[in-house]
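Structure file model.tsv (TSV, C-alpha atoms) is printed below.
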chain	number	residue	atom	x	y	z
Y	143	MET	CA	-45.85	34.93	2.98
Y	144	HIS	CA	-44.86	31.61	1.44
Y	145	LEU	CA	-41.43	30.04	1.68
Y	146	SER	CA	-39.15	30.22	-1.36
Y	147	ASP	CA	-37.91	27.07	-3.12
Y	148	GLU	CA	-34.45	27.65	-1.67
Y	149	GLN	CA	-35.87	27.86	1.84
Y	150	LEU	CA	-37.85	24.69	1.33
Y	151	LEU	CA	-34.84	22.88	-0.10
Y	152	SER	CA	-32.73	23.75	2.93
Y	153	GLN	CA	-35.40	23.15	5.48
Y	154	ASN	CA	-34.67	24.20	9.04
Y	155	ASP	CA	-36.61	24.44	12.32
Y	156	MET	CA	-38.08	27.86	11.47
Y	157	ASN	CA	-39.40	26.56	8.16
Y	158	HIS	CA	-40.78	23.58	9.96
Y	159	GLU	CA	-43.10	25.80	12.03
Y	160	HIS	CA	-44.34	27.49	8.85
Y	161	LEU	CA	-45.05	24.14	7.19
Y	162	PHE	CA	-47.45	23.28	10.02
Y	163	GLN	CA	-49.41	26.47	9.41
Y	164	CYS	CA	-49.31	26.73	5.59
Y	165	SER	CA	-50.88	23.96	3.53
Y	166	ALA	CA	-49.57	25.41	0.20
Y	167	CYS	CA	-45.96	25.28	1.37
Y	168	ALA	CA	-46.56	21.87	2.98
Y	169	LYS	CA	-47.76	20.58	-0.38
Y	170	ARG	CA	-44.68	22.02	-2.14
Y	171	TYR	CA	-42.46	20.49	0.51
Y	172	GLN	CA	-44.16	17.15	-0.05
Y	173	ASN	CA	-43.41	17.52	-3.77
Y	174	ILE	CA	-39.76	18.24	-2.96
Y	175	HIS	CA	-39.63	15.14	-0.80
Y	176	GLN	CA	-41.12	13.06	-3.60
Y	177	THR	CA	-38.78	14.58	-6.19
Y	178	ARG	CA	-35.78	13.77	-3.98
Y	179	SER	CA	-36.89	10.17	-3.61
Y	180	THR	CA	-37.38	9.81	-7.34
Y	181	LEU	CA	-34.03	11.41	-8.01
Y	182	ARG	CA	-32.38	8.86	-5.69
Y	183	VAL	CA	-34.18	6.01	-7.41
Y	184	LEU	CA	-33.08	7.26	-10.85
Y	185	SER	CA	-29.53	7.80	-9.63
Y	186	ASN	CA	-29.33	4.32	-8.09
Y	187	ARG	CA	-30.78	2.78	-11.23
Y	188	LYS	CA	-28.19	4.49	-13.37
Y	189	LEU	CA	-25.47	3.39	-10.99
Y	190	MET	CA	-26.70	-0.21	-11.02
Y	191	ASN	CA	-26.60	-0.20	-14.81
Y	192	ASP	CA	-23.05	1.13	-14.83
Y	193	GLN	CA	-21.83	-0.82	-11.80
Y	194	LYS	CA	-20.64	-3.78	-13.84
Y	195	ASN	CA	-18.45	-1.58	-16.02
Y	196	LEU	CA	-17.14	0.27	-12.99
Y	197	SER	CA	-16.41	-2.92	-11.02
Y	198	LEU	CA	-14.42	-4.35	-13.90
Y	199	LYS	CA	-11.90	-1.60	-13.33
Y	200	GLU	CA	-11.33	-2.49	-9.67
Y	201	GLN	CA	-8.27	-4.68	-10.17
Y	202	SER	CA	-6.60	-2.68	-12.94
Y	203	LEU	CA	-7.14	0.55	-11.02
Y	204	TRP	CA	-5.58	-1.00	-7.92
Y	205	LEU	CA	-2.51	-1.95	-9.95
Y	206	ASP	CA	-2.26	1.65	-11.16
Y	207	ILE	CA	-2.60	2.97	-7.62
Y	208	GLN	CA	0.03	0.51	-6.40
Y	209	GLU	CA	2.40	1.64	-9.15
Y	210	SER	CA	1.91	5.31	-8.33
Y	211	ALA	CA	2.31	4.62	-4.62
Y	212	LYS	CA	5.62	2.87	-5.27
Y	213	GLU	CA	6.83	5.73	-7.43
Y	214	GLN	CA	6.01	8.14	-4.64
Y	215	GLN	CA	7.56	5.78	-2.06
Y	216	LEU	CA	4.39	5.51	-0.02
Y	217	LEU	CA	4.78	1.80	0.67
Y	218	ASN	CA	8.42	1.67	1.53
Y	219	HIS	CA	8.54	1.61	5.33
Y	220	ARG	CA	8.41	-2.09	6.12
Y	221	ASP	CA	9.39	-3.37	2.69
Y	222	LYS	CA	12.63	-1.43	2.87
Y	223	ASP	CA	13.38	-2.75	6.35
Y	224	LYS	CA	12.67	-6.29	5.24
Y	225	LYS	CA	15.02	-5.94	2.29
Y	226	ALA	CA	17.76	-4.55	4.52
Y	227	ILE	CA	17.26	-7.37	7.01
Y	228	ASN	CA	17.38	-9.98	4.29
Y	229	ILE	CA	20.67	-8.58	3.00
Y	230	LYS	CA	22.14	-8.42	6.51
Y	231	TRP	CA	20.81	-11.90	7.20
Y	232	ARG	CA	22.72	-13.22	4.19
Y	233	TYR	CA	25.93	-11.64	5.50
Y	234	VAL	CA	25.39	-13.05	8.97
Y	235	SER	CA	24.74	-16.52	7.57
Y	236	THR	CA	27.94	-16.37	5.55
Y	237	ALA	CA	29.85	-15.19	8.60
Y	238	LEU	CA	28.41	-18.01	10.66
Y	239	ALA	CA	29.33	-20.57	8.05
Y	240	ALA	CA	32.88	-19.22	8.09
Y	241	SER	CA	32.90	-19.37	11.87
Y	242	LEU	CA	31.76	-22.97	11.79
Y	243	PHE	CA	34.57	-23.79	9.45
Y	244	LEU	CA	37.11	-22.08	11.72
Y	245	PHE	CA	35.80	-23.82	14.82
Y	246	SER	CA	35.96	-27.13	13.12
Y	247	LEU	CA	39.61	-26.43	12.37
Y	248	PHE	CA	40.22	-25.42	15.99
Y	249	SER	CA	38.53	-28.51	17.31
Y	250	LEU	CA	40.46	-30.72	14.90
Y	251	HIS	CA	43.65	-29.03	15.97
Y	252	TYR	CA	42.81	-29.66	19.62
Y	253	MET	CA	41.82	-33.23	19.06
Y	254	SER	CA	45.08	-33.97	17.27
Y	255	SER	CA	47.18	-32.15	19.85
Y	256	ILE	CA	45.66	-33.92	22.81
Y	257	SER	CA	48.26	-35.84	24.56
Y	258	GLU	CA	47.92	-38.35	27.31
Y	259	ASP	CA	48.34	-35.66	29.90
Y	260	VAL	CA	45.21	-33.73	28.89
Y	261	ASN	CA	43.58	-32.30	31.88
Y	262	GLU	CA	39.92	-32.20	32.77
Y	263	GLN	CA	39.45	-28.64	31.52
Y	264	GLN	CA	40.63	-29.57	28.06
Y	265	ILE	CA	38.29	-32.58	27.99
Y	266	ALA	CA	35.39	-30.36	29.06
Y	267	LEU	CA	36.37	-27.84	26.41
Y	268	MET	CA	36.45	-30.50	23.74
Y	269	GLN	CA	33.06	-31.76	24.77
Y	270	LEU	CA	31.69	-28.22	24.68
Y	271	ILE	CA	33.10	-27.60	21.21
Y	272	GLN	CA	31.59	-30.86	20.06
Y	273	GLU	CA	28.19	-29.91	21.53
Y	274	ASN	CA	28.43	-26.45	19.99
Y	275	ASN	CA	29.14	-27.93	16.58
Y	276	GLU	CA	26.21	-30.30	16.87
Y	277	LEU	CA	23.90	-27.52	18.01
Y	278	GLN	CA	25.11	-25.28	15.21
Y	279	GLU	CA	24.53	-27.97	12.60
Y	280	LYS	CA	21.03	-28.46	13.93
Y	281	LEU	CA	20.53	-24.72	13.89
Y	282	PHE	CA	21.58	-24.38	10.26
Y	283	SER	CA	19.24	-27.14	9.20
Y	284	ILE	CA	16.37	-25.36	10.96
Y	285	VAL	CA	17.38	-21.99	9.55
Y	286	ALA	CA	17.27	-23.45	6.04
Y	287	THR	CA	13.57	-24.21	6.51
Y	288	LEU	CA	12.69	-20.98	8.29
Y	289	ASN	CA	9.50	-19.28	7.24
Y	290	THR	CA	8.15	-15.79	7.67
Y	291	GLU	CA	6.52	-16.62	10.98
Y	292	VAL	CA	9.80	-15.85	12.67
Y	293	GLU	CA	10.20	-12.13	13.06
Y	294	PRO	CA	13.24	-11.04	11.09
Y	295	HIS	CA	14.33	-8.46	13.67
Y	296	LYS	CA	14.52	-11.05	16.45
Y	297	LYS	CA	16.14	-13.63	14.22
Y	298	MET	CA	18.67	-11.04	13.18
Y	299	HIS	CA	19.41	-10.15	16.80
Y	300	VAL	CA	20.09	-13.74	17.86
Y	301	MET	CA	22.28	-14.47	14.86
Y	302	THR	CA	24.25	-11.30	15.40
Y	303	SER	CA	24.76	-12.33	19.04
Y	304	ILE	CA	26.20	-15.67	17.91
Y	305	ASN	CA	28.40	-14.00	15.36
Y	306	ASN	CA	29.77	-11.52	17.89
Y	307	HIS	CA	30.38	-14.34	20.30
Y	308	ASP	CA	32.29	-16.30	17.68
Y	309	LEU	CA	34.57	-13.32	17.18
Y	310	ALA	CA	35.21	-13.21	20.93
Y	311	ILE	CA	36.12	-16.91	20.95
Y	312	GLN	CA	38.44	-16.50	17.99
Y	313	GLN	CA	40.06	-13.57	19.76
Y	314	ALA	CA	40.53	-15.70	22.90
Y	315	TYR	CA	42.38	-18.34	20.90
Y	316	LEU	CA	44.50	-15.80	19.09
Y	317	GLU	CA	45.49	-14.20	22.40
Y	318	ASN	CA	46.16	-17.59	23.99
Y	319	LYS	CA	43.79	-16.95	26.85
Y	320	SER	CA	43.36	-19.44	29.67
Y	321	GLU	CA	41.37	-22.65	29.26
Y	322	ILE	CA	38.83	-21.40	31.81
Y	323	GLU	CA	38.13	-18.24	29.85
Y	324	LYS	CA	37.72	-20.25	26.67
Y	325	LEU	CA	35.50	-22.70	28.50
Y	326	LEU	CA	33.24	-19.89	29.68
Y	327	LEU	CA	33.00	-18.43	26.19
Y	328	TRP	CA	32.07	-21.80	24.71
Y	329	GLN	CA	29.50	-22.35	27.45
Y	330	GLU	CA	27.93	-18.99	26.65
Y	331	ARG	CA	27.86	-19.84	22.98
Y	332	LYS	CA	26.17	-23.13	23.74
Y	333	ARG	CA	23.57	-21.30	25.80
Y	334	ILE	CA	22.77	-18.93	22.92
Y	335	LEU	CA	22.52	-21.78	20.42
Y	336	THR	CA	20.28	-23.79	22.72
Y	337	LYS	CA	18.06	-20.81	23.29
Y	338	PHE	CA	17.80	-20.23	19.57
Y	339	ASP	CA	16.98	-23.90	18.90
Y	340	VAL	CA	14.26	-23.96	21.55
Y	341	SER	CA	12.81	-20.67	20.36
Y	342	LEU	CA	12.68	-21.84	16.78
Y	343	ALA	CA	10.99	-25.04	17.82
Y	344	SER	CA	8.29	-23.03	19.56
Y	345	LYS	CA	8.36	-20.35	16.79
Y	346	ASN	CA	8.73	-17.70	19.44
Y	347	ILE	CA	12.13	-16.09	19.73
Y	348	GLU	CA	12.53	-14.38	23.07
Y	349	ILE	CA	15.50	-12.10	23.40
M	16	MET	CA	-27.07	-7.42	13.06
M	17	THR	CA	-27.21	-5.12	10.04
M	18	GLN	CA	-24.50	-5.31	7.46
M	19	ARG	CA	-22.72	-2.03	6.81
M	20	ILE	CA	-22.40	-0.88	3.25
M	21	GLY	CA	-20.64	1.86	1.30
M	22	PHE	CA	-18.60	4.30	3.34
M	23	ASN	CA	-20.14	2.96	6.57
M	24	GLN	CA	-18.08	-0.22	6.31
M	25	GLN	CA	-15.24	-0.72	8.76
M	26	VAL	CA	-11.81	-2.28	8.58
M	27	THR	CA	-10.15	-4.03	11.51
M	28	ASP	CA	-7.83	-2.28	13.94
M	29	GLU	CA	-4.95	-4.35	12.60
M	30	VAL	CA	-5.58	-3.26	9.01
M	31	PHE	CA	-5.91	0.35	10.10
M	32	MET	CA	-2.66	0.29	12.08
M	33	GLN	CA	-0.78	-1.58	9.35
M	34	ALA	CA	-1.98	0.94	6.76
M	35	LYS	CA	-0.57	3.71	8.93
M	36	GLU	CA	2.76	1.91	8.75
M	37	GLY	CA	2.57	1.79	4.96
M	38	GLU	CA	1.78	-1.91	4.56
M	39	LEU	CA	0.61	-2.73	1.04
M	40	TYR	CA	-1.80	-5.49	2.02
M	41	ALA	CA	-3.55	-3.15	4.47
M	42	PHE	CA	-4.08	-0.53	1.77
M	43	GLU	CA	-5.38	-3.22	-0.54
M	44	THR	CA	-7.91	-4.27	2.10
M	45	ILE	CA	-9.02	-0.65	2.54
M	46	TYR	CA	-9.23	-0.20	-1.22
M	47	LYS	CA	-11.34	-3.34	-1.68
M	48	THR	CA	-13.60	-2.35	1.20
M	49	TYR	CA	-14.38	1.12	-0.13
M	50	PHE	CA	-13.84	0.77	-3.88
M	51	LYS	CA	-17.51	0.47	-4.83
M	52	ALA	CA	-18.54	3.38	-2.65
M	53	CYS	CA	-15.70	5.53	-4.00
M	54	ILE	CA	-16.20	4.77	-7.68
M	55	SER	CA	-19.97	5.23	-7.33
M	56	LEU	CA	-19.56	8.62	-5.72
M	57	ALA	CA	-16.91	9.69	-8.22
M	58	TYR	CA	-19.07	8.58	-11.11
M	59	ARG	CA	-22.16	10.28	-9.74
M	60	LEU	CA	-20.27	13.53	-9.43
M	61	SER	CA	-18.43	13.38	-12.74
M	62	SER	CA	-20.77	11.29	-14.94
M	63	ASP	CA	-17.64	10.13	-16.71
M	64	HIS	CA	-16.13	6.64	-16.50
M	65	GLN	CA	-12.54	7.67	-17.09
M	66	LEU	CA	-12.72	10.72	-14.88
M	67	SER	CA	-14.26	8.72	-12.04
M	68	GLN	CA	-11.32	6.30	-12.20
M	69	ASP	CA	-8.86	9.19	-12.13
M	70	ILE	CA	-10.68	10.59	-9.11
M	71	VAL	CA	-10.50	7.27	-7.22
M	72	HIS	CA	-6.85	6.81	-8.20
M	73	ASP	CA	-5.79	10.22	-6.90
M	74	ALA	CA	-8.03	9.94	-3.86
M	75	PHE	CA	-6.38	6.68	-2.79
M	76	ILE	CA	-2.91	8.10	-3.25
M	77	LYS	CA	-4.00	10.84	-0.84
M	78	VAL	CA	-5.40	8.23	1.53
M	79	MET	CA	-2.02	6.47	1.51
M	80	LYS	CA	-0.18	9.73	2.12
M	81	LYS	CA	-2.40	11.06	4.86
M	82	ILE	CA	-3.74	8.03	6.72
M	83	ILE	CA	-0.95	8.42	9.27
M	84	SER	CA	-2.64	11.59	10.50
M	85	LEU	CA	-6.03	9.92	10.95
M	86	ARG	CA	-6.65	9.00	14.57
M	87	GLU	CA	-9.99	7.24	14.61
M	88	ARG	CA	-10.46	4.02	12.69
M	89	SER	CA	-14.22	4.50	12.89
M	90	SER	CA	-14.02	7.70	10.84
M	91	LEU	CA	-12.02	6.09	8.02
M	92	GLY	CA	-15.04	5.68	5.72
M	93	SER	CA	-16.29	9.24	6.06
M	94	TRP	CA	-12.72	10.50	5.77
M	95	ILE	CA	-12.25	8.64	2.48
M	96	LYS	CA	-15.62	9.93	1.27
M	97	ARG	CA	-14.45	13.49	1.95
M	98	ILE	CA	-11.23	12.90	0.06
M	99	VAL	CA	-13.07	11.43	-2.95
M	100	THR	CA	-15.51	14.34	-2.94
M	101	ASN	CA	-12.71	16.90	-2.74
M	102	GLU	CA	-10.82	15.15	-5.47
M	103	ALA	CA	-13.90	15.10	-7.71
M	104	ILE	CA	-14.51	18.81	-7.19
M	105	ASN	CA	-10.85	19.59	-7.87
M	106	LYS	CA	-10.90	17.51	-11.02
M	107	LEU	CA	-14.04	19.24	-12.25
M	108	LYS	CA	-12.37	22.59	-11.60
M	109	ALA	CA	-9.11	21.53	-13.23
M	110	ASN	CA	-10.93	20.27	-16.30
M	111	ASN	CA	-12.58	23.68	-16.64
M	112	ARG	CA	-15.89	22.00	-16.22
M	113	VAL	CA	-17.04	24.38	-13.56
M	114	GLU	CA	-19.18	27.17	-14.94
M	115	PRO	CA	-20.52	29.11	-11.99
M	116	LEU	CA	-24.22	29.65	-12.24
M	117	THR	CA	-24.41	29.39	-16.00
M	118	GLU	CA	-26.43	26.52	-17.26
M	119	CYS	CA	-26.00	25.14	-20.73
M	120	MET	CA	-29.73	25.48	-21.09
M	121	GLN	CA	-31.39	28.87	-21.14
M	122	LEU	CA	-33.40	28.99	-17.95
M	123	THR	CA	-36.86	30.39	-18.29
M	124	ILE	CA	-37.46	32.71	-15.38
M	125	SER	CA	-40.75	31.93	-13.73
M	126	ASP	CA	-42.55	33.29	-10.71
M	127	LYS	CA	-44.00	29.88	-10.11
M	128	SER	CA	-42.45	27.55	-7.63
M	129	ILE	CA	-40.36	24.73	-9.08
M	130	PHE	CA	-42.23	22.34	-6.84
M	131	ASP	CA	-45.79	23.48	-7.55
M	132	HIS	CA	-46.57	20.01	-8.79
M	133	GLN	CA	-44.95	16.60	-9.08
M	134	TRP	CA	-43.04	16.62	-12.36
M	135	LEU	CA	-40.42	13.89	-11.83
M	136	ASP	CA	-41.20	10.20	-12.00
M	137	ASN	CA	-39.40	6.88	-12.43
M	138	ARG	CA	-39.86	6.91	-16.22
M	139	HIS	CA	-37.44	9.79	-16.65
M	140	ASP	CA	-33.92	9.18	-17.82
M	141	LEU	CA	-31.39	10.69	-15.43
M	142	ASP	CA	-28.78	11.09	-18.16
M	143	VAL	CA	-31.19	13.15	-20.22
M	144	LEU	CA	-32.20	15.25	-17.22
M	145	MET	CA	-28.62	15.94	-16.18
M	146	VAL	CA	-27.19	16.62	-19.60
M	147	SER	CA	-28.30	20.24	-19.52
M	148	LEU	CA	-26.72	20.90	-16.15
M	149	SER	CA	-23.29	22.37	-15.77
M	150	PRO	CA	-20.89	20.05	-13.89
M	151	ILE	CA	-20.98	22.33	-10.88
M	152	SER	CA	-24.78	22.31	-10.70
M	153	ARG	CA	-24.86	18.56	-11.12
M	154	ALA	CA	-22.25	18.15	-8.38
M	155	VAL	CA	-24.18	20.40	-5.98
M	156	LEU	CA	-27.42	18.55	-6.76
M	157	ILE	CA	-25.86	15.13	-6.19
M	158	LEU	CA	-23.98	16.16	-3.06
M	159	HIS	CA	-27.01	17.78	-1.41
M	160	GLU	CA	-29.88	15.62	-2.58
M	161	ILE	CA	-28.28	12.19	-2.84
M	162	GLU	CA	-25.13	12.21	-0.70
M	163	GLY	CA	-26.81	14.27	2.02
M	164	LEU	CA	-24.18	16.99	2.42
M	165	SER	CA	-25.33	20.26	3.95
M	166	HIS	CA	-25.10	23.61	2.18
M	167	GLU	CA	-22.32	24.56	4.61
M	168	GLU	CA	-20.28	21.51	3.61
M	169	ILE	CA	-20.86	22.07	-0.10
M	170	SER	CA	-19.96	25.75	0.07
M	171	GLY	CA	-16.78	24.73	1.88
M	172	LEU	CA	-15.85	22.32	-0.90
M	173	PHE	CA	-16.22	25.03	-3.52
M	174	ASN	CA	-14.81	27.81	-1.36
M	175	LYS	CA	-18.01	29.75	-1.85
M	176	SER	CA	-20.77	31.17	0.31
M	177	ILE	CA	-23.69	29.11	1.58
M	178	SER	CA	-26.08	31.06	-0.66
M	179	PHE	CA	-24.02	29.90	-3.66
M	180	SER	CA	-24.91	26.30	-2.78
M	181	LYS	CA	-28.58	27.13	-2.17
M	182	VAL	CA	-29.01	29.12	-5.38
M	183	THR	CA	-27.12	26.56	-7.46
M	184	LEU	CA	-29.32	23.77	-6.11
M	185	SER	CA	-32.61	25.52	-6.86
M	186	ARG	CA	-31.38	26.50	-10.33
M	187	ALA	CA	-30.35	22.91	-10.98
M	188	TYR	CA	-33.86	21.78	-10.07
M	189	ALA	CA	-35.32	24.47	-12.30
M	190	VAL	CA	-33.25	23.21	-15.24
M	191	ILE	CA	-34.10	19.55	-14.80
M	192	LYS	CA	-37.76	20.46	-14.38
M	193	GLN	CA	-37.71	22.17	-17.76
M	194	VAL	CA	-36.03	19.15	-19.33
M	195	ALA	CA	-38.47	16.75	-17.66
M	196	LEU	CA	-41.49	18.72	-18.86
M	197	LYS	CA	-40.07	18.92	-22.41
M	198	GLN	CA	-39.46	15.21	-22.36
M	199	GLU	CA	-43.09	14.65	-21.34
M	200	GLU	CA	-44.28	16.93	-24.16
M	201	VAL	CA	-42.25	14.95	-26.70
M	202	ASP	CA	-43.48	11.64	-25.29
M	203	ALA	CA	-47.11	12.89	-25.46
M	204	PHE	CA	-46.61	14.07	-29.07
M	205	ILE	CA	-45.14	10.73	-30.14
M	206	GLY	CA	-47.96	9.06	-28.31
Please render this file's structure as structure tokens.
Amino acid sequence: MHLSDEQLLSQNDMNHEHLFQCSACAKRYQNIHQTRSTLRVLSNRKLMNDQKNLSLKEQSLWLDIQESAKEQQLLNHRDKDKKAINIKWRYVSTALAASLFLFSLFSLHYMSSISEDVNEQQIALMQLIQENNELQEKLFSIVATLNTEVEPHKKMHVMTSINNHDLAIQQAYLENKSEIEKLLLWQERKRILTKFDVSLASKNIEI
Amino acid sequence: MTQRIGFNQQVTDEVFMQAKEGELYAFETIYKTYFKACISLAYRLSSDHQLSQDIVHDAFIKVMKKIISLRERSSLGSWIKRIVTNEAINKLKANNRVEPLTECMQLTISDKSIFDHQWLDNRHDLDVLMVSLSPISRAVLILHEIEGLSHEEISGLFNKSISFSKVTLSRAYAVIKQVALKQEEVDAFIG
């Protein structure tokens, strides 16, 4: 009993045994093998002929896919976060600029109100404010040239820290807190600014 | 070291992970890596330029949607191949191009084996041979004989039994044999 075409086309181990014993089926199987090879050759040839036309569509098809993906919000994870961070970053920058302006006013006020009996704490405070202002100016000039190598999340975190700290300092002045408390707050602010400057210089912000 | 081609190509771990997070550039890298393999497969199955582009388009949207559930980077190529194949079959079905077991050409029933002699050679035109096949027969033929899918896999794609795949394949061969022999007769007559 010979194997059917379907059996030969889906050759399995059982058929294999038969092929060793039956030369007629072995010949048909050989023909199948040859037909398959020819079919592959013809298919590849057709594909080669059409490949140029198909490849031309690569870029335009990608644009279509991109468009559809955006419509279906498949690409939004990081892009959305980045947009949100950029918006927040703008707010933080504005807030920092306002803070700088306020601190400049405070420092001016202190400088003008210094009398001959200024004590050592006030001198230290003045020096700290001056150092803070210098550091902040340096910081802003670096920030203006920031590139994408700095991770926005970390950058955001540091800037928010500075902003929060500025609010604490403003609060200390409004509540007329002691010179020591103010001194500590300014020292902390200086530490944050220094850390930020160093991190930016090495392009590696550690929080 | 052998260079990988088609669906056997690999992307880096970074690209794979970034694609899972929905990064555009990562998807673009995946697309560029597998585009040729995808469009070739889609075109082989559909024999239609426009339809093959639609297949690749929809397949990549699925890749973008579902890549998060794919665990192994190494299986990305075969996974994309499966998606393109599924998409092609679905498109053929949706376009009412699937005509189960009915060939456009009247098949002459013969007791003789289809493979009693060597009737296909490199001079034949594949387009001419395939034109008489229904899209489903062509798809089964391509998937089994060129893409190397098993009858089990093909029957799964069509939600049919394994014998459906086997019978469709042998009928497809029977049809293209008839066409090939007719073509030879015409060529012999013209001289």
With 8 Å as the cut-off and only C-alpha atoms counted, what is the closest atom pair between each nearby residue of chain M and chain Y? Distances in Å to one decimal, ordered by chain and number, as CSV.
residue,atom,partner,partner_atom,distance
M:Glu36,CA,Y:His219,CA,6.7
M:Gly37,CA,Y:Leu217,CA,4.8
M:Glu38,CA,Y:Leu217,CA,6.2
M:Leu39,CA,Y:Leu217,CA,6.2
M:Glu43,CA,Y:Trp204,CA,7.7
M:Tyr46,CA,Y:Trp204,CA,7.7
M:Phe50,CA,Y:Glu200,CA,7.1
M:Lys51,CA,Y:Ser197,CA,7.1
M:Ile54,CA,Y:Leu196,CA,7.0
M:Ser55,CA,Y:Leu189,CA,6.9
M:Arg59,CA,Y:Leu189,CA,7.7
M:His64,CA,Y:Leu196,CA,7.3
M:Gln68,CA,Y:Leu203,CA,7.2
M:His72,CA,Y:Ile207,CA,5.8
M:Asp73,CA,Y:Ile207,CA,8.0
M:Phe75,CA,Y:Ile207,CA,7.2
M:Ile76,CA,Y:Ala211,CA,6.4
M:Met79,CA,Y:Leu216,CA,6.7
M:Lys80,CA,Y:Leu216,CA,6.6
M:Ser128,CA,Y:Asp147,CA,6.4
M:Ile129,CA,Y:Asp147,CA,6.9
M:Phe130,CA,Y:Arg170,CA,5.3
M:Asp131,CA,Y:Arg170,CA,5.7
M:His132,CA,Y:Asn173,CA,6.4
M:Gln133,CA,Y:Asn173,CA,5.6
M:Trp134,CA,Y:Thr177,CA,7.8
M:Leu135,CA,Y:Thr177,CA,5.9
M:Asp136,CA,Y:Thr180,CA,6.0
M:Asn137,CA,Y:Thr180,CA,6.2
M:His139,CA,Y:Leu184,CA,7.7
M:Asp140,CA,Y:Leu184,CA,7.3
M:Leu141,CA,Y:Leu184,CA,6.0
M:Glu160,CA,Y:Arg178,CA,6.3
M:Ile161,CA,Y:Arg182,CA,6.0
M:His166,CA,Y:Ser152,CA,7.7
M:Lys181,CA,Y:Glu148,CA,5.9
M:Val182,CA,Y:Glu148,CA,6.7
M:Leu184,CA,Y:Glu148,CA,7.8
M:Ser185,CA,Y:Glu148,CA,5.9
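Our summary of the geometry notes that CA of Val340 (chain Y) is positioned 20.6 Å from CA of Gln269 (chain Y).
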Find the smallest box with edges along x, y and z containing every listed atom of region 262-273 of chain Y, then add 5 Å on each side and report centre and edge lengths in Å to one decimal, as AutoDock Vina command-line options.
--center_x 34.4 --center_y -30.1 --center_z 26.4 --size_x 22.4 --size_y 15.0 --size_z 22.7
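Take the candidates Y:Ala310, Y:Lys319, Y:Lys280, Y:Leu326 and check each one against Asp339 (chain Y) using all atoms listed in the file; the shortest distance goes to Y:Lys280.
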Between CA of Ile157 (chain M) and CA of Leu66 (chain M), what is the spacing in Å?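 That distance, rounded to one decimal, is 16.4 Å.
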Point-to-point distance from CA of Arg88 (chain M) to CA of Val26 (chain M), Å rounded to tenths: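 Separation between CA of Arg88 (chain M) and CA of Val26 (chain M): 7.6 Å.
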Taking (-22.8, 16.5, -2.1) in the file's coordinates as the center, which residues reach within 12 Å of it, counting all atoms listed in the file, put as a PDB file with C-alpha atoms, in the coordinates of the input?
ATOM      1  CA  LEU M  56     -19.560   8.620  -5.720  1.00  0.00           C
ATOM      2  CA  ALA M  57     -16.910   9.690  -8.220  1.00  0.00           C
ATOM      3  CA  ARG M  59     -22.160  10.280  -9.740  1.00  0.00           C
ATOM      4  CA  LEU M  60     -20.270  13.530  -9.430  1.00  0.00           C
ATOM      5  CA  SER M  61     -18.430  13.380 -12.740  1.00  0.00           C
ATOM      6  CA  LYS M  96     -15.620   9.930   1.270  1.00  0.00           C
ATOM      7  CA  ARG M  97     -14.450  13.490   1.950  1.00  0.00           C
ATOM      8  CA  VAL M  99     -13.070  11.430  -2.950  1.00  0.00           C
ATOM      9  CA  THR M 100     -15.510  14.340  -2.940  1.00  0.00           C
ATOM     10  CA  ASN M 101     -12.710  16.900  -2.740  1.00  0.00           C
ATOM     11  CA  ALA M 103     -13.900  15.100  -7.710  1.00  0.00           C
ATOM     12  CA  ILE M 104     -14.510  18.810  -7.190  1.00  0.00           C
ATOM     13  CA  ILE M 151     -20.980  22.330 -10.880  1.00  0.00           C
ATOM     14  CA  SER M 152     -24.780  22.310 -10.700  1.00  0.00           C
ATOM     15  CA  ARG M 153     -24.860  18.560 -11.120  1.00  0.00           C
ATOM     16  CA  ALA M 154     -22.250  18.150  -8.380  1.00  0.00           C
ATOM     17  CA  VAL M 155     -24.180  20.400  -5.980  1.00  0.00           C
ATOM     18  CA  LEU M 156     -27.420  18.550  -6.760  1.00  0.00           C
ATOM     19  CA  ILE M 157     -25.860  15.130  -6.190  1.00  0.00           C
ATOM     20  CA  LEU M 158     -23.980  16.160  -3.060  1.00  0.00           C
ATOM     21  CA  HIS M 159     -27.010  17.780  -1.410  1.00  0.00           C
ATOM     22  CA  GLU M 160     -29.880  15.620  -2.580  1.00  0.00           C
ATOM     23  CA  ILE M 161     -28.280  12.190  -2.840  1.00  0.00           C
ATOM     24  CA  GLU M 162     -25.130  12.210  -0.700  1.00  0.00           C
ATOM     25  CA  GLY M 163     -26.810  14.270   2.020  1.00  0.00           C
ATOM     26  CA  LEU M 164     -24.180  16.990   2.420  1.00  0.00           C
ATOM     27  CA  SER M 165     -25.330  20.260   3.950  1.00  0.00           C
ATOM     28  CA  HIS M 166     -25.100  23.610   2.180  1.00  0.00           C
ATOM     29  CA  GLU M 167     -22.320  24.560   4.610  1.00  0.00           C
ATOM     30  CA  GLU M 168     -20.280  21.510   3.610  1.00  0.00           C
ATOM     31  CA  ILE M 169     -20.860  22.070  -0.100  1.00  0.00           C
ATOM     32  CA  SER M 170     -19.960  25.750   0.070  1.00  0.00           C
ATOM     33  CA  GLY M 171     -16.780  24.730   1.880  1.00  0.00           C
ATOM     34  CA  LEU M 172     -15.850  22.320  -0.900  1.00  0.00           C
ATOM     35  CA  PHE M 173     -16.220  25.030  -3.520  1.00  0.00           C
ATOM     36  CA  SER M 180     -24.910  26.300  -2.780  1.00  0.00           C
ATOM     37  CA  LEU M 184     -29.320  23.770  -6.110  1.00  0.00           C
TER      38      LEU M 184
END
